[in-house]
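K.L.:
Structure provided below as structure tokens; questions to follow.
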Amino acid sequence: MGPELETLFKLQEIDVHLLEKQRAIDEFEKRVSARRKSMQDCRGRIDVLVAKRKQMVTERALAERRVSDSGELVKERRQRMLRVRNEKELHALESEIAALREEIGEQEEALLGVMGRVEEVEKQIAALEKDYTDLEQADHRDLAAEQERVDTLKAELAAARAGRDEVAEGLDARLRSRYETVFKRRQGVAVVTIIKGTCSGCHMHVPPQTINEILKSGTVHVCPSCQRILYVTEAV
């Protein structure tokens with residue numbers, strides 16, 4: 001077996017470990033991003049409801065003012081009734097007071113509706129605030145533990161990459177480039193062992209002559225089907 005193939009096989013083992021560590025780090029960062037988005041979405045919903053509550057509180061104040069103003073008008077009309085001197089004016093005031101009382105009833109009903117909506121919005125805000133607090137606490141608690149693990153992975157990754165560069169330095173530049181291209185295209189499997197005369201990557205038959213050439217001279221051959229670099233551990 002040629003030294004280049006041995007180096008390629010060793011390089012692939014390192015790259016697979018690097019890939020696994022990088023995937024773990026990427027997954028962590030993806031979870032962090034999802035958590036942050038959940039918190040942002042929650043805060044966004046809270047902000048919308050807070051603005052809605054502010055508008056409703058203004059509506060409630062106006063409704064309360066209308067009820068109060070109508071009540072004052074009723075009082076004023078009653079006081080005028082004490083001073084009237086004829087039936088016609090008395091009946092007019094009584095009709096006006098009746099109309100005001102009906103109007104007050106409608107205004108109070110509208111006020112109760114606004115108050116109910118304000119209360120419902122406040123309940124929604126309180127529930128979302130709790131959800132946000134829970135997310136925030138879980139974020140700090142869980143991420144602190146995971147961040148420690150990720151920091152360890154990043155340190156291991158940096159050390160492994162340094163070792164990987166040392167191994168890769170011994171390869172011909174064109175061969176190294178070819179290996180790295182196949183590694184990316186084949187999801188981390190660029191060098192495959194021939195098992196019982198077949199490529200373990202795609203399970204296609206490999207000619208015995210090719211296997212023997214690899215064993216005798218260490219020549220680099222690729223599978224004609226999947227283009228992976230072939231590695232031999234036993235003769236045909």
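Following the order of the structure tokens, chains are lettered A, B, ..., residues in each are numbered from 1, and ligands are numbered from 1.
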With only C-alpha atoms as the counted atoms, please give the residues lying no more than 12 Å from His203 in chain A, apart from itself and same-chain residues fewer than 3 positions off, as a ChimeraX atom specification.
P.N.:
/A:192-200,206,223-226,228,230
K.L.:
Got a sec: who's within 12 Å of Val48 in chain A, counting only C-alpha atoms, leaving out chain neighbours fewer than 5 positions off, as a ChimeraX atom specification?
P.N.:
/A:41-43,53-55,121-122,124-125,128
K.L.:
Those selected residues, please, written with C-alpha atoms and delivered as a PDB file, in the first residue's frame.
P.N.:
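File again-v4.pdb, as written:
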ATOM      1  CA  ASP A  41     -41.262  36.635  18.752  1.00  0.00           C
ATOM      2  CA  CYS A  42     -42.651  36.493  22.292  1.00  0.00           C
ATOM      3  CA  ARG A  43     -41.416  40.007  23.067  1.00  0.00           C
ATOM      4  CA  ARG A  53     -53.857  47.925  25.815  1.00  0.00           C
ATOM      5  CA  LYS A  54     -52.738  51.560  25.725  1.00  0.00           C
ATOM      6  CA  GLN A  55     -55.269  52.305  23.008  1.00  0.00           C
ATOM      7  CA  VAL A 121     -55.473  41.835  26.951  1.00  0.00           C
ATOM      8  CA  GLU A 122     -53.818  42.234  30.356  1.00  0.00           C
ATOM      9  CA  GLN A 124     -52.654  37.759  27.609  1.00  0.00           C
ATOM     10  CA  ILE A 125     -49.755  40.096  28.404  1.00  0.00           C
ATOM     11  CA  LEU A 128     -46.724  36.054  27.537  1.00  0.00           C
TER      12      LEU A 128
END
K.L.:
Between CA of Ile104 in chain A and CA of Arg117 in chain A, what distance in Å does the model show, to one decimal?
P.N.:
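A separation of 19.7 Å between them.
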K.L.:
Just how far from CA of Lys37 in chain A is CA of Ala51 in chain A, in Å to one decimal?
P.N.:
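CA of Ala51 in chain A sits 21.0 Å away from CA of Lys37 in chain A.
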K.L.:
Using only C-alpha atoms, what does the table of range 111-220 of chain A residues within 9 Å of range 6-24 of chain A look like, with each row giving the shortest atom pair and its distance in Å to one decimal, sorted by chain and ascending number, as CSV?
P.N.:
residue,atom,partner,partner_atom,distance
A:Val150,CA,A:Ala24,CA,7.8
A:Leu153,CA,A:Lys21,CA,6.2
A:Lys154,CA,A:Lys21,CA,7.8
A:Glu156,CA,A:Lys21,CA,8.3
A:Leu157,CA,A:Leu18,CA,6.3
A:Ala160,CA,A:Leu18,CA,7.0
A:Arg161,CA,A:Leu18,CA,7.5
A:Gly163,CA,A:Ile14,CA,8.4
A:Arg164,CA,A:Ile14,CA,6.4
A:Val167,CA,A:Leu11,CA,6.6
A:Ala168,CA,A:Leu11,CA,6.8
A:Gly170,CA,A:Thr7,CA,7.8
A:Leu171,CA,A:Thr7,CA,7.5
A:Arg176,CA,A:Leu8,CA,8.2
A:Tyr179,CA,A:Leu8,CA,7.7
A:Phe183,CA,A:Gln12,CA,8.2
A:Gly188,CA,A:Val16,CA,6.2
A:Val189,CA,A:Gln12,CA,7.5
A:Ala190,CA,A:Gln12,CA,7.2
A:Val191,CA,A:Phe9,CA,6.2
A:Val192,CA,A:Phe9,CA,8.2
K.L.:
Counting only C-alpha atoms, what is within 10 Å of Met56 in chain A, bar same-chain residues fewer than 3 positions away, as a PyMOL selection string?
P.N.:
chain A and resi 50-53+59-62+114-115+117-119+121
K.L.:
Using the selection just defined, write its residues with N, CA and C atoms as a PDB file, in the first residue's frame.
P.N.:
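Dumped everything to result24.pdb:
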ATOM      1  N   VAL A  50     -49.241  45.380  24.372  1.00  0.00           N
ATOM      2  CA  VAL A  50     -49.082  46.565  25.224  1.00  0.00           C
ATOM      3  C   VAL A  50     -49.596  47.810  24.498  1.00  0.00           C
ATOM      4  N   ALA A  51     -49.286  47.923  23.215  1.00  0.00           N
ATOM      5  CA  ALA A  51     -49.791  49.051  22.421  1.00  0.00           C
ATOM      6  C   ALA A  51     -51.316  48.997  22.314  1.00  0.00           C
ATOM      7  N   LYS A  52     -51.831  47.787  22.156  1.00  0.00           N
ATOM      8  CA  LYS A  52     -53.282  47.602  22.074  1.00  0.00           C
ATOM      9  C   LYS A  52     -53.941  47.988  23.393  1.00  0.00           C
ATOM     10  N   ARG A  53     -53.318  47.583  24.496  1.00  0.00           N
ATOM     11  CA  ARG A  53     -53.857  47.925  25.815  1.00  0.00           C
ATOM     12  C   ARG A  53     -53.870  49.439  26.015  1.00  0.00           C
ATOM     13  N   GLU A  59     -59.593  54.448  25.263  1.00  0.00           N
ATOM     14  CA  GLU A  59     -61.019  54.275  24.949  1.00  0.00           C
ATOM     15  C   GLU A  59     -61.838  54.151  26.231  1.00  0.00           C
ATOM     16  N   ARG A  60     -61.292  53.443  27.214  1.00  0.00           N
ATOM     17  CA  ARG A  60     -61.996  53.273  28.488  1.00  0.00           C
ATOM     18  C   ARG A  60     -62.148  54.614  29.198  1.00  0.00           C
ATOM     19  N   ALA A  61     -61.098  55.420  29.183  1.00  0.00           N
ATOM     20  CA  ALA A  61     -61.161  56.738  29.824  1.00  0.00           C
ATOM     21  C   ALA A  61     -62.213  57.621  29.149  1.00  0.00           C
ATOM     22  N   LEU A  62     -62.277  57.554  27.812  1.00  0.00           N
ATOM     23  CA  LEU A  62     -63.280  58.336  27.087  1.00  0.00           C
ATOM     24  C   LEU A  62     -64.690  57.852  27.405  1.00  0.00           C
ATOM     25  N   VAL A 114     -65.391  47.625  26.909  1.00  0.00           N
ATOM     26  CA  VAL A 114     -63.992  48.053  26.827  1.00  0.00           C
ATOM     27  C   VAL A 114     -63.202  47.534  28.016  1.00  0.00           C
ATOM     28  N   MET A 115     -63.782  47.623  29.216  1.00  0.00           N
ATOM     29  CA  MET A 115     -63.108  47.141  30.423  1.00  0.00           C
ATOM     30  C   MET A 115     -62.810  45.644  30.323  1.00  0.00           C
ATOM     31  N   ARG A 117     -62.383  43.942  27.532  1.00  0.00           N
ATOM     32  CA  ARG A 117     -61.319  43.734  26.549  1.00  0.00           C
ATOM     33  C   ARG A 117     -59.955  44.100  27.125  1.00  0.00           C
ATOM     34  N   VAL A 118     -59.928  45.176  27.915  1.00  0.00           N
ATOM     35  CA  VAL A 118     -58.675  45.560  28.566  1.00  0.00           C
ATOM     36  C   VAL A 118     -58.214  44.454  29.506  1.00  0.00           C
ATOM     37  N   GLU A 119     -59.123  43.899  30.273  1.00  0.00           N
ATOM     38  CA  GLU A 119     -58.781  42.820  31.208  1.00  0.00           C
ATOM     39  C   GLU A 119     -58.258  41.592  30.469  1.00  0.00           C
ATOM     40  N   VAL A 121     -56.800  41.524  27.487  1.00  0.00           N
ATOM     41  CA  VAL A 121     -55.473  41.835  26.951  1.00  0.00           C
ATOM     42  C   VAL A 121     -54.424  41.775  28.059  1.00  0.00           C
TER      43      VAL A 121
END
K.L.:
Suppose you want the space between CA of Leu135 in chain A and CA of Leu49 in chain A; what is it in Å?
P.N.:
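Result for CA of Leu135 in chain A versus CA of Leu49 in chain A: 18.7 Å, one decimal.
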K.L.:
Quick one: DSSP strand (DSSP E or B) residues in range 1-234 of chain A, as a list of chain:residue names?
P.N.:
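Those in range 1-234 of chain A that DSSP calls strand (DSSP E or B) are A:Val191, A:Val192, A:Thr193, A:Ile194, A:Ile195, A:Thr198, A:Cys199, A:His205, A:Val222, A:Ile229, A:Leu230, A:Tyr231.
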